[in-house]
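Only one structure is covered here, and it is reproduced in the block below.
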Amino acid sequence: MSFFLEVLVGGLLAGVMYSLVAIGFVLIYKASGVFNFAQGSLVLFGALTFVSLVERHVAPWLAFAATLAVLVLIAMAIERVVLRPLVNRMPIVLFMATLGLSFILEGAAQLFWGAQVHGLDLGIDDKPLQLGGVMISQFDLFAAATAGVLVIALSLMTSRTRLGLSLRAVADDPLAALAVGIRLPRIWAVVWSLAGFVSLVAGLLWGARLGVQFSLSLVVLKALPVLIIGGFSSIGGAIAGGLLVGASEKLAEVYIGSAIGGGIENWFPYVLALLFLLARPAGLFGEPAVERV
Amino acid sequence: MSNLVMRRPGLNVSTPSASGLVLIASLAALAAVPGVASEYWLSAVLTPFLILSLAGLGLNLLTGYAGQLSLGSAAFMAIGAYATYNFAVRLPGLSLLVDLALGGLSTAAIATVFGLPSLRIKGFYLIASTLAAQFFVEWLLTKVSWFSNDDTSGVLSAPRLSIFGWSIATPVSRYQFVLGVVVVLFAAAASLVRSELGRRWMAVRDMDTAAAVIGIPIGRTKLLAFAVSSFVIGIAGALWAFAYLGTVEPHGFDLNLSFQVLFIIIIGGMGSISGNFYGAAFIVLLPIALSHAAGALAAIGVDVGQLQNLQKILFGVLIILFLIKEPDGLARLVQIARQRLRDWPLRA
Amino acid sequence: MTSLERPLPLSTEPLLSLDRISLSFGGVKAIADISFDVRQGEICALIGPNGAGKSSLLNVINGVYRPQQGTVTFDGTGSRRMNPHDAAHRGIARTFQNIALFRRMSVLDNVLTGRNLHRGSTWLEQTFRVGRARRDEATQRRYAEVVIEALDLPRVRDSIVGTLSYGVQKRVELARALAAEPRLLLLDEPMAGMTTDEKRAMAGFIVDANEQFGVTVVLIEHDIGVVMDLSDHIVVLDYGKKIADGSPAEVRVDPGVLAAYLGTRH
């Protein structure tokens, strides 16, 4: 039983980190209606930039601030140069544009910072902890706690503050938001900054866990099943989806995977998402689209 | 409201026969190529170009004409390659052409299963299904050794090819074989998209609720799109493994290849037949052009080792440019250029 | 006279019969207990203030919406659970308020899609141009051309629909619906946004559809003048209820109708 709990907890903690990446997507989606495939590359770019600055002996806090600034600038450039001209097109077209974006970002990231794996040390020992008879990775716990704090802060901000209210207004109906005097560019800047911040934190956590390398963007691709299950426009959904994907992926790998050769993690979340879609085409928390003829 | 509107009146999506003649002329030229081209060009450039055009054609039928986005092209190519391989190895009496056809049919059958969700899931969410296919198939082909004829090395060598006693072992004969298959399938596809099925696909793409209202059977139409498209892609996959790479292994058919095929149809033109040639030519020739320009690039301080990354960036930029400026791709640009050429004598 | 054009059949059975239809969305009752008949060969207009439930009623007739109560009887067969696909097969065609054309296809291709229920060959036959395919394609083209000719669209036959003006698009939509050889044609505001000349032309096309092609028409229209001229039978809706049902002459002097339009207290 305790083995099961260990796997479960490990999966849940990984799931929190998936949620973190997914939240970055949700923020962008809520603000601009686009599933920004390039988010993953943004995460990779952020992590690589941070790590390379630190390797060049820049103080971590400075590196963090500098990377955040760069990410935000990139994000806003994306919005202006890529998303705005495509504003009325089909979702498929927007998705393909962000696909192209991801190529640019990945190519640029490797161009600037090289292709080797960089180690990232956040100063937390990965010694296992014993909690109630279950072994938990200390690092995973720290990551989960950080993600948890961020999520709570974000939820509080969007629901309690005026800024959050404006954000929700813009997400719901940009024209109406304009009509009541909300300044759209400013809101978008805030959203992209938040998304950039969240992405950077996610990138650092994942980078510390796996090493900062190219396959990070594949891991990030797993945010897609998370979003499909949880809905694209809900932070709560991203959390629920992330936990579900993380836990089920680990459990499946251990219990089913061992019987058929392992490596299930690669495709299990996608099949899970597919099954969810068949049951609920709008996702767990998403809003079903009403088509008017 | 739908939004990929063609801005210029009078230019039809279904190409008039003049361009058909041009196509035949170009294909005749292609057939004459072995007389002039070096072996390098045949095996490293023209053969992959033809095969990638075929893969693009398959995806174009599904995504460009029927509007069903797919990120699983590489997985379907893999199924085609492995199915053809198994038929060739386990049923030695069959002709290669039969093996190829059976490989295509197997791919069609399996892809249709992955296409079933399209009956319930619309638009962007559908990528969950094809992504699942992509990762699952890659895993399955690696883990289950039966598909690899229980070969433990993980990399299979393609069997010797021969049809009716004609041994396909040289770059020239491989090129001719591929050309033959490509011509036949492209001709069939061109006819197909001009038929009622092609119209139904486009109706489903443009507004499937309206299509249902006028009586088009949406489910059957979508599944047929998956089936026909994957038949073509499966054959392309088999050719890719047998007539180009010479080996068959799962990791050669990864997500990156799926992206490449998608880029072929975006750059070449979605909803177009000839566009697949332009897109494939682009994908194949750009790296070559870049490496030839390496000398010039080195002169301005760009490290040659970075060519791969530059290429990646360039692809990304071009994708975005095409999506913004010319969503109907190179095919459209060529159409415009031809129109201008036609009008040119009259302008003066 | 081609086979598309046929004389109006004489029949006493109504082609379409709505019996006590009620439709709600959540808590909002869009249609309350509406019943009326449409005779074969007539042009019936649904009129009423905005929000009266007219479009919803049309959607019920061709199965886009399922009413919570009541039955729709078409051509002798009653049903409550119909879907748009079935409706098309049974001979109901329609146009939409927001023009549901396939914008990236040409006018001819759009009209040809309207022929999809009359296809006589399979896709394989068509691809390889064998068997019945060639004759089938020629037949469908011929029908499509008749309709295109009748609606004065030959000049734009090969134009991409998305590039045409609003008025012409509405005509193309009508052509596509007619190409299906329907028994019943549902038109949702076919003249919205048109100039007087365009309206007159459209009214002419609708009369042609009715008289030459033998199609029964149910249309929603706001221009009362047009409605009075065009229709044989008028049904007036207000707040989801039927407040009048009769010939133009009868409806014109109906006190309930006058009250609804002039705003007398209910």
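Here, A, B, ... name the chains of the structure tokens in the order displayed, residue numbers run from 1 inside each chain, and ligands are numbered from 1 in the same displayed order.
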Any chance you could list, as a PyMOL selection string, the residues in stretch 105-270 of chain B that come up helix (DSSP H, G or I) when DSSP is run on the backbone? chain B and resi 105-119+123-143+145-148+171-193+196-213+218-245+250-252+255-268
As a ChimeraX atom specification, please: the residues near C:Ile21 (cut-off 9 Å, only C-alpha atoms, same-chain neighbours under 2 positions excluded). /C:18-19,23,31-35,57,60,67-72
Neighbours of chain A in chain C at 12 Å, counting only C-alpha atoms, as a PDB file with N, CA and C atoms, in the first residue's frame:
```pdb
ATOM      1  N   SER C  55     -37.440  32.410 -36.082  1.00  0.00           N
ATOM      2  CA  SER C  55     -36.304  31.588 -36.496  1.00  0.00           C
ATOM      3  C   SER C  55     -36.301  30.263 -35.765  1.00  0.00           C
ATOM      4  N   SER C  56     -36.628  30.305 -34.483  1.00  0.00           N
ATOM      5  CA  SER C  56     -36.682  29.071 -33.710  1.00  0.00           C
ATOM      6  C   SER C  56     -37.693  28.105 -34.310  1.00  0.00           C
ATOM      7  N   LEU C  58     -38.609  27.893 -37.429  1.00  0.00           N
ATOM      8  CA  LEU C  58     -38.003  27.327 -38.631  1.00  0.00           C
ATOM      9  C   LEU C  58     -37.026  26.217 -38.256  1.00  0.00           C
ATOM     10  N   ASN C  59     -36.240  26.471 -37.220  1.00  0.00           N
ATOM     11  CA  ASN C  59     -35.277  25.467 -36.770  1.00  0.00           C
ATOM     12  C   ASN C  59     -35.961  24.210 -36.271  1.00  0.00           C
ATOM     13  N   VAL C  64     -33.304  21.265 -36.454  1.00  0.00           N
ATOM     14  CA  VAL C  64     -32.132  21.821 -35.769  1.00  0.00           C
ATOM     15  C   VAL C  64     -32.409  21.922 -34.272  1.00  0.00           C
ATOM     16  N   TYR C  65     -33.649  22.285 -33.924  1.00  0.00           N
ATOM     17  CA  TYR C  65     -34.061  22.283 -32.522  1.00  0.00           C
ATOM     18  C   TYR C  65     -35.107  21.186 -32.322  1.00  0.00           C
ATOM     19  N   ARG C  94     -33.404  24.643 -46.822  1.00  0.00           N
ATOM     20  CA  ARG C  94     -33.568  25.946 -46.202  1.00  0.00           C
ATOM     21  C   ARG C  94     -32.392  26.879 -46.445  1.00  0.00           C
ATOM     22  N   THR C  95     -32.642  28.144 -46.183  1.00  0.00           N
ATOM     23  CA  THR C  95     -31.558  29.124 -46.151  1.00  0.00           C
ATOM     24  C   THR C  95     -31.509  29.700 -44.747  1.00  0.00           C
ATOM     25  N   PHE C  96     -30.412  30.404 -44.460  1.00  0.00           N
ATOM     26  CA  PHE C  96     -30.190  30.871 -43.098  1.00  0.00           C
ATOM     27  C   PHE C  96     -30.088  32.382 -43.018  1.00  0.00           C
ATOM     28  N   GLN C  97     -30.336  32.885 -41.823  1.00  0.00           N
ATOM     29  CA  GLN C  97     -30.243  34.317 -41.602  1.00  0.00           C
ATOM     30  C   GLN C  97     -28.837  34.826 -41.877  1.00  0.00           C
ATOM     31  N   ASN C  98     -27.841  34.043 -41.440  1.00  0.00           N
ATOM     32  CA  ASN C  98     -26.463  34.500 -41.585  1.00  0.00           C
ATOM     33  C   ASN C  98     -25.723  33.860 -42.747  1.00  0.00           C
ATOM     34  N   ILE C  99     -26.401  33.472 -43.756  1.00  0.00           N
ATOM     35  CA  ILE C  99     -25.820  32.877 -44.967  1.00  0.00           C
ATOM     36  C   ILE C  99     -24.835  31.749 -44.672  1.00  0.00           C
ATOM     37  N   ALA C 100     -25.310  30.505 -44.776  1.00  0.00           N
ATOM     38  CA  ALA C 100     -24.425  29.382 -44.488  1.00  0.00           C
ATOM     39  C   ALA C 100     -23.886  28.772 -45.776  1.00  0.00           C
ATOM     40  N   LEU C 101     -23.159  29.561 -46.533  1.00  0.00           N
ATOM     41  CA  LEU C 101     -22.560  29.058 -47.767  1.00  0.00           C
ATOM     42  C   LEU C 101     -21.149  28.574 -47.509  1.00  0.00           C
ATOM     43  N   ASP C 188     -35.100  31.917 -44.248  1.00  0.00           N
ATOM     44  CA  ASP C 188     -34.976  32.762 -43.061  1.00  0.00           C
ATOM     45  C   ASP C 188     -34.483  34.143 -43.466  1.00  0.00           C
TER      46      ASP C 188
END
```
Check the smallest atom-to-atom distance from each of A:Pro225, A:Gly164, A:Gly231, A:Pro185 to chain B using only C-alpha atoms, then report the winner.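 Ranked by minimum distance to chain B, first place goes to A:Pro225.
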Can you check which residues of chain C have any atom within 10 Å of chain B? Use only C-alpha atoms and format it as a PDB file with C-alpha atoms, in the first residue's frame.
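Everything below was put into part.pdb:
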```pdb
ATOM      1  CA  ASN C  62     -36.086  21.148 -40.091  1.00  0.00           C
ATOM      2  CA  GLY C  63     -34.866  19.458 -36.949  1.00  0.00           C
ATOM      3  CA  VAL C  64     -32.132  21.821 -35.769  1.00  0.00           C
ATOM      4  CA  ASN C  83     -32.496  15.944 -37.191  1.00  0.00           C
ATOM      5  CA  PRO C  84     -31.422  18.242 -40.042  1.00  0.00           C
ATOM      6  CA  HIS C  85     -29.989  15.323 -42.013  1.00  0.00           C
ATOM      7  CA  ASP C  86     -33.332  13.495 -41.968  1.00  0.00           C
ATOM      8  CA  ALA C  87     -35.162  16.669 -42.863  1.00  0.00           C
ATOM      9  CA  ALA C  88     -32.956  17.099 -45.914  1.00  0.00           C
ATOM     10  CA  HIS C  89     -33.634  13.541 -46.978  1.00  0.00           C
ATOM     11  CA  ARG C  90     -37.342  14.006 -46.627  1.00  0.00           C
ATOM     12  CA  GLY C  91     -37.333  17.003 -48.904  1.00  0.00           C
ATOM     13  CA  ILE C  92     -36.920  20.058 -46.708  1.00  0.00           C
ATOM     14  CA  ALA C  93     -34.337  22.610 -47.774  1.00  0.00           C
ATOM     15  CA  ARG C  94     -33.568  25.946 -46.202  1.00  0.00           C
ATOM     16  CA  THR C  95     -31.558  29.124 -46.151  1.00  0.00           C
ATOM     17  CA  PHE C  96     -30.190  30.871 -43.098  1.00  0.00           C
ATOM     18  CA  ASN C  98     -26.463  34.500 -41.585  1.00  0.00           C
ATOM     19  CA  ILE C  99     -25.820  32.877 -44.967  1.00  0.00           C
ATOM     20  CA  ALA C 100     -24.425  29.382 -44.488  1.00  0.00           C
ATOM     21  CA  LEU C 101     -22.560  29.058 -47.767  1.00  0.00           C
ATOM     22  CA  PHE C 102     -19.217  27.319 -48.301  1.00  0.00           C
ATOM     23  CA  ARG C 103     -17.209  30.458 -48.724  1.00  0.00           C
ATOM     24  CA  ARG C 104     -14.086  29.025 -50.276  1.00  0.00           C
ATOM     25  CA  MET C 105     -15.937  27.173 -53.017  1.00  0.00           C
ATOM     26  CA  SER C 106     -17.300  28.560 -56.269  1.00  0.00           C
ATOM     27  CA  VAL C 107     -20.967  29.295 -56.904  1.00  0.00           C
ATOM     28  CA  ASP C 109     -19.660  23.990 -56.528  1.00  0.00           C
ATOM     29  CA  ASN C 110     -21.946  25.359 -53.844  1.00  0.00           C
ATOM     30  CA  LEU C 112     -23.664  21.235 -56.815  1.00  0.00           C
ATOM     31  CA  THR C 113     -23.410  20.394 -53.117  1.00  0.00           C
ATOM     32  CA  GLY C 114     -27.142  20.938 -53.059  1.00  0.00           C
ATOM     33  CA  ARG C 115     -27.400  17.998 -55.433  1.00  0.00           C
ATOM     34  CA  ASN C 116     -25.634  15.615 -53.082  1.00  0.00           C
ATOM     35  CA  LEU C 117     -28.791  13.705 -52.203  1.00  0.00           C
ATOM     36  CA  ARG C 119     -26.072  11.260 -56.530  1.00  0.00           C
ATOM     37  CA  SER C 121     -22.526   6.924 -58.284  1.00  0.00           C
ATOM     38  CA  THR C 122     -19.966   6.117 -55.614  1.00  0.00           C
ATOM     39  CA  TRP C 123     -16.767   8.026 -54.938  1.00  0.00           C
ATOM     40  CA  LEU C 124     -14.624   5.291 -56.395  1.00  0.00           C
ATOM     41  CA  GLU C 125     -16.546   5.349 -59.619  1.00  0.00           C
ATOM     42  CA  GLN C 126     -16.230   9.101 -59.754  1.00  0.00           C
ATOM     43  CA  THR C 127     -12.493   9.096 -59.120  1.00  0.00           C
ATOM     44  CA  PHE C 128     -11.754   6.746 -61.951  1.00  0.00           C
ATOM     45  CA  ARG C 129     -14.521   8.147 -64.182  1.00  0.00           C
ATOM     46  CA  ALA C 133     -20.056   8.367 -62.850  1.00  0.00           C
ATOM     47  CA  GLU C 137     -21.914  14.070 -63.183  1.00  0.00           C
ATOM     48  CA  VAL C 156     -20.792  34.514 -61.320  1.00  0.00           C
ATOM     49  CA  ARG C 157     -20.894  30.775 -61.796  1.00  0.00           C
ATOM     50  CA  ASP C 158     -17.133  30.303 -61.286  1.00  0.00           C
ATOM     51  CA  SER C 159     -16.568  33.014 -58.700  1.00  0.00           C
ATOM     52  CA  ILE C 160     -15.588  32.141 -55.183  1.00  0.00           C
ATOM     53  CA  VAL C 161     -18.617  32.747 -53.033  1.00  0.00           C
ATOM     54  CA  GLY C 162     -16.744  34.620 -50.332  1.00  0.00           C
ATOM     55  CA  THR C 163     -15.924  37.391 -52.815  1.00  0.00           C
ATOM     56  CA  LEU C 164     -19.495  38.097 -53.867  1.00  0.00           C
ATOM     57  CA  ARG C 176     -28.277  25.679 -53.475  1.00  0.00           C
ATOM     58  CA  ALA C 177     -31.504  24.994 -51.615  1.00  0.00           C
ATOM     59  CA  ALA C 180     -31.893  19.796 -53.910  1.00  0.00           C
TER      60      ALA C 180
END
```
List as a PyMOL selection string the protein and nucleic acid residues near B:Leu307, meaning an atom at most 8 Å away when only C-alpha atoms are counted, but skip any in the same chain fewer than 4 places from it. chain B and resi 290-291+294+303+311
Include C-alpha atoms and write out the residues we just selected as a PDB file, in the first residue's frame.
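The file below, part.pdb, is the result:
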```pdb
ATOM      1  CA  LEU B 290      21.625  26.972 -46.874  1.00  0.00           C
ATOM      2  CA  SER B 291      24.596  24.664 -46.871  1.00  0.00           C
ATOM      3  CA  ALA B 294      27.455  28.370 -45.810  1.00  0.00           C
ATOM      4  CA  ASP B 303      29.123  29.682 -37.532  1.00  0.00           C
ATOM      5  CA  GLN B 311      17.132  26.552 -40.867  1.00  0.00           C
TER       6      GLN B 311
END
```
Per-residue DSSP, stretch 33-248 of chain B, filtered to strand (DSSP E or B), as JSON, numbers by chain: {"B": [156, 157, 162, 163, 166, 167, 247, 248]}
Can those selected residues be exported to a file as a CSV table (one decimal), in the first residue's frame so that it contains N, CA and C atoms?
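Result written to out.csv:
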```csv
chain,number,residue,atom,x,y,z
B,156,LEU,N,15.5,-2.2,-39.2
B,156,LEU,CA,15.3,-3.3,-40.2
B,156,LEU,C,15.9,-2.8,-41.5
B,157,SER,N,16.5,-3.6,-42.3
B,157,SER,CA,16.8,-3.2,-43.6
B,157,SER,C,15.7,-3.6,-44.6
B,162,SER,N,11.6,-5.7,-56.2
B,162,SER,CA,11.5,-6.0,-57.6
B,162,SER,C,10.1,-6.2,-58.0
B,163,ILE,N,9.8,-5.8,-59.2
B,163,ILE,CA,8.4,-6.0,-59.8
B,163,ILE,C,8.6,-6.7,-61.1
B,166,TRP,N,11.8,-6.9,-62.8
B,166,TRP,CA,12.6,-5.6,-62.9
B,166,TRP,C,13.1,-5.3,-61.5
B,167,SER,N,14.4,-5.5,-61.3
B,167,SER,CA,15.0,-5.3,-60.0
B,167,SER,C,15.2,-3.8,-59.8
B,247,THR,N,16.2,1.7,-44.6
B,247,THR,CA,16.0,1.1,-43.4
B,247,THR,C,14.6,1.4,-42.9
B,248,VAL,N,14.1,0.6,-41.9
B,248,VAL,CA,12.8,0.8,-41.3
B,248,VAL,C,13.0,0.9,-39.8
```
One decimal place gives the atom CA of B:Gly115-atom CA of B:Leu57 separation as 17.7 Å
Interatomic distance, atom CA of A:Leu218 to atom CA of B:Gln134 (Å, one decimal):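 Pair atom CA of A:Leu218 / atom CA of B:Gln134 returns 13.1 Å.
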Counting only C-alpha atoms, what are the residues of chain A within 8 Å of chain B, and for each of them which pair of atoms is the nearest and at what distance in Å, to one decimal? Sort the table by chain and rising number, as CSV.
```
residue,atom,partner,partner_atom,distance
A:Val82,CA,B:Ile320,CA,7.1
A:Pro85,CA,B:Ile324,CA,6.6
A:Leu86,CA,B:Ile324,CA,6.3
A:Asn88,CA,B:Asn3,CA,6.6
A:Arg89,CA,B:Asn3,CA,5.5
A:Met90,CA,B:Asn3,CA,6.9
A:Pro91,CA,B:Phe124,CA,6.4
A:Ile92,CA,B:Phe124,CA,5.8
A:Val93,CA,B:Leu323,CA,7.1
A:Met96,CA,B:Ile319,CA,7.9
A:Ala97,CA,B:Ile320,CA,5.2
A:Leu99,CA,B:Gly316,CA,7.6
A:Gly100,CA,B:Gly316,CA,4.0
A:Leu101,CA,B:Gly316,CA,5.7
A:Ser102,CA,B:Gly316,CA,7.3
A:Phe103,CA,B:Gly316,CA,5.1
A:Ile104,CA,B:Ile313,CA,4.1
A:Leu105,CA,B:Ile313,CA,7.3
A:Glu106,CA,B:Ile313,CA,7.8
A:Gly107,CA,B:Asn309,CA,4.5
A:Ala108,CA,B:Ile313,CA,6.7
A:Gln110,CA,B:Asn309,CA,6.7
A:Leu111,CA,B:Asn309,CA,6.0
A:Leu224,CA,B:Ala128,CA,7.9
A:Pro225,CA,B:Ala128,CA,7.2
A:Ile228,CA,B:Tyr125,CA,7.3
A:Gly261,CA,B:Lys143,CA,6.6
A:Gly263,CA,B:Trp139,CA,7.3
A:Ile264,CA,B:Trp139,CA,7.7
A:Asn266,CA,B:Phe135,CA,6.3
A:Trp267,CA,B:Phe135,CA,5.1
A:Phe268,CA,B:Ala132,CA,8.0
A:Tyr270,CA,B:Ala132,CA,4.9
A:Val271,CA,B:Ala132,CA,5.5
A:Ala273,CA,B:Ala128,CA,6.8
A:Leu274,CA,B:Ala128,CA,5.8
A:Leu277,CA,B:Ile121,CA,6.9
A:Leu278,CA,B:Arg120,CA,6.6
A:Pro281,CA,B:Ile121,CA,5.8
```
One decimal, Å: what's the distance from atom CA of A:Arg280 over to atom CA of A:Phe25, could you say?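 If I compute the distance from atom CA of A:Arg280 to atom CA of A:Phe25, I get 20.4 Å.
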Close residues, B:Ser173 itself excluded, 12 Å, only C-alpha atoms, min 4 positions apart in chain, as a ChimeraX atom specification: /B:31,33-35,39,42-43,47,161-163,166-169,177-180,243-244
Exercise: A:Asp172 partners within 9 Å, only C-alpha atoms, chain neighbours under 4 positions left out, as JSON, numbers by chain: {"A": [30, 31, 167, 168, 176, 177]}
Export of prior selection with N, CA and C atoms as a compact mmCIF listing (two decimals), in the first residue's frame:
```
# COMPACT_ATOMS: atom_id res chain seq x y z
N LYS A 30 -6.95 32.82 -22.18
CA LYS A 30 -8.00 33.68 -21.67
C LYS A 30 -7.89 35.09 -22.22
N ALA A 31 -6.67 35.51 -22.45
CA ALA A 31 -6.49 36.89 -22.91
C ALA A 31 -6.65 37.03 -24.41
N LEU A 167 -9.12 41.65 -16.08
CA LEU A 167 -8.63 40.51 -16.85
C LEU A 167 -9.79 39.62 -17.29
N ARG A 168 -10.67 39.33 -16.35
CA ARG A 168 -11.79 38.46 -16.68
C ARG A 168 -12.71 39.12 -17.70
N ALA A 176 -16.56 44.73 -25.28
CA ALA A 176 -17.30 45.29 -24.16
C ALA A 176 -16.34 45.89 -23.15
N ALA A 177 -15.21 45.21 -22.96
CA ALA A 177 -14.23 45.71 -22.01
C ALA A 177 -13.73 47.09 -22.45
```
Determine, counting only C-alpha atoms, which protein, DNA and RNA residues have an atom within 10 Å of an atom of stretch 15-24 of chain A; residues of the same chain fewer than 6 positions away are not included. Present the result as a VMD selection string. chain A and resid 9 36 39 to 40 43 140 to 141 143 to 148 150 to 151 154 191 to 192 194 to 203 205 to 206 219 to 227 230 232 to 250
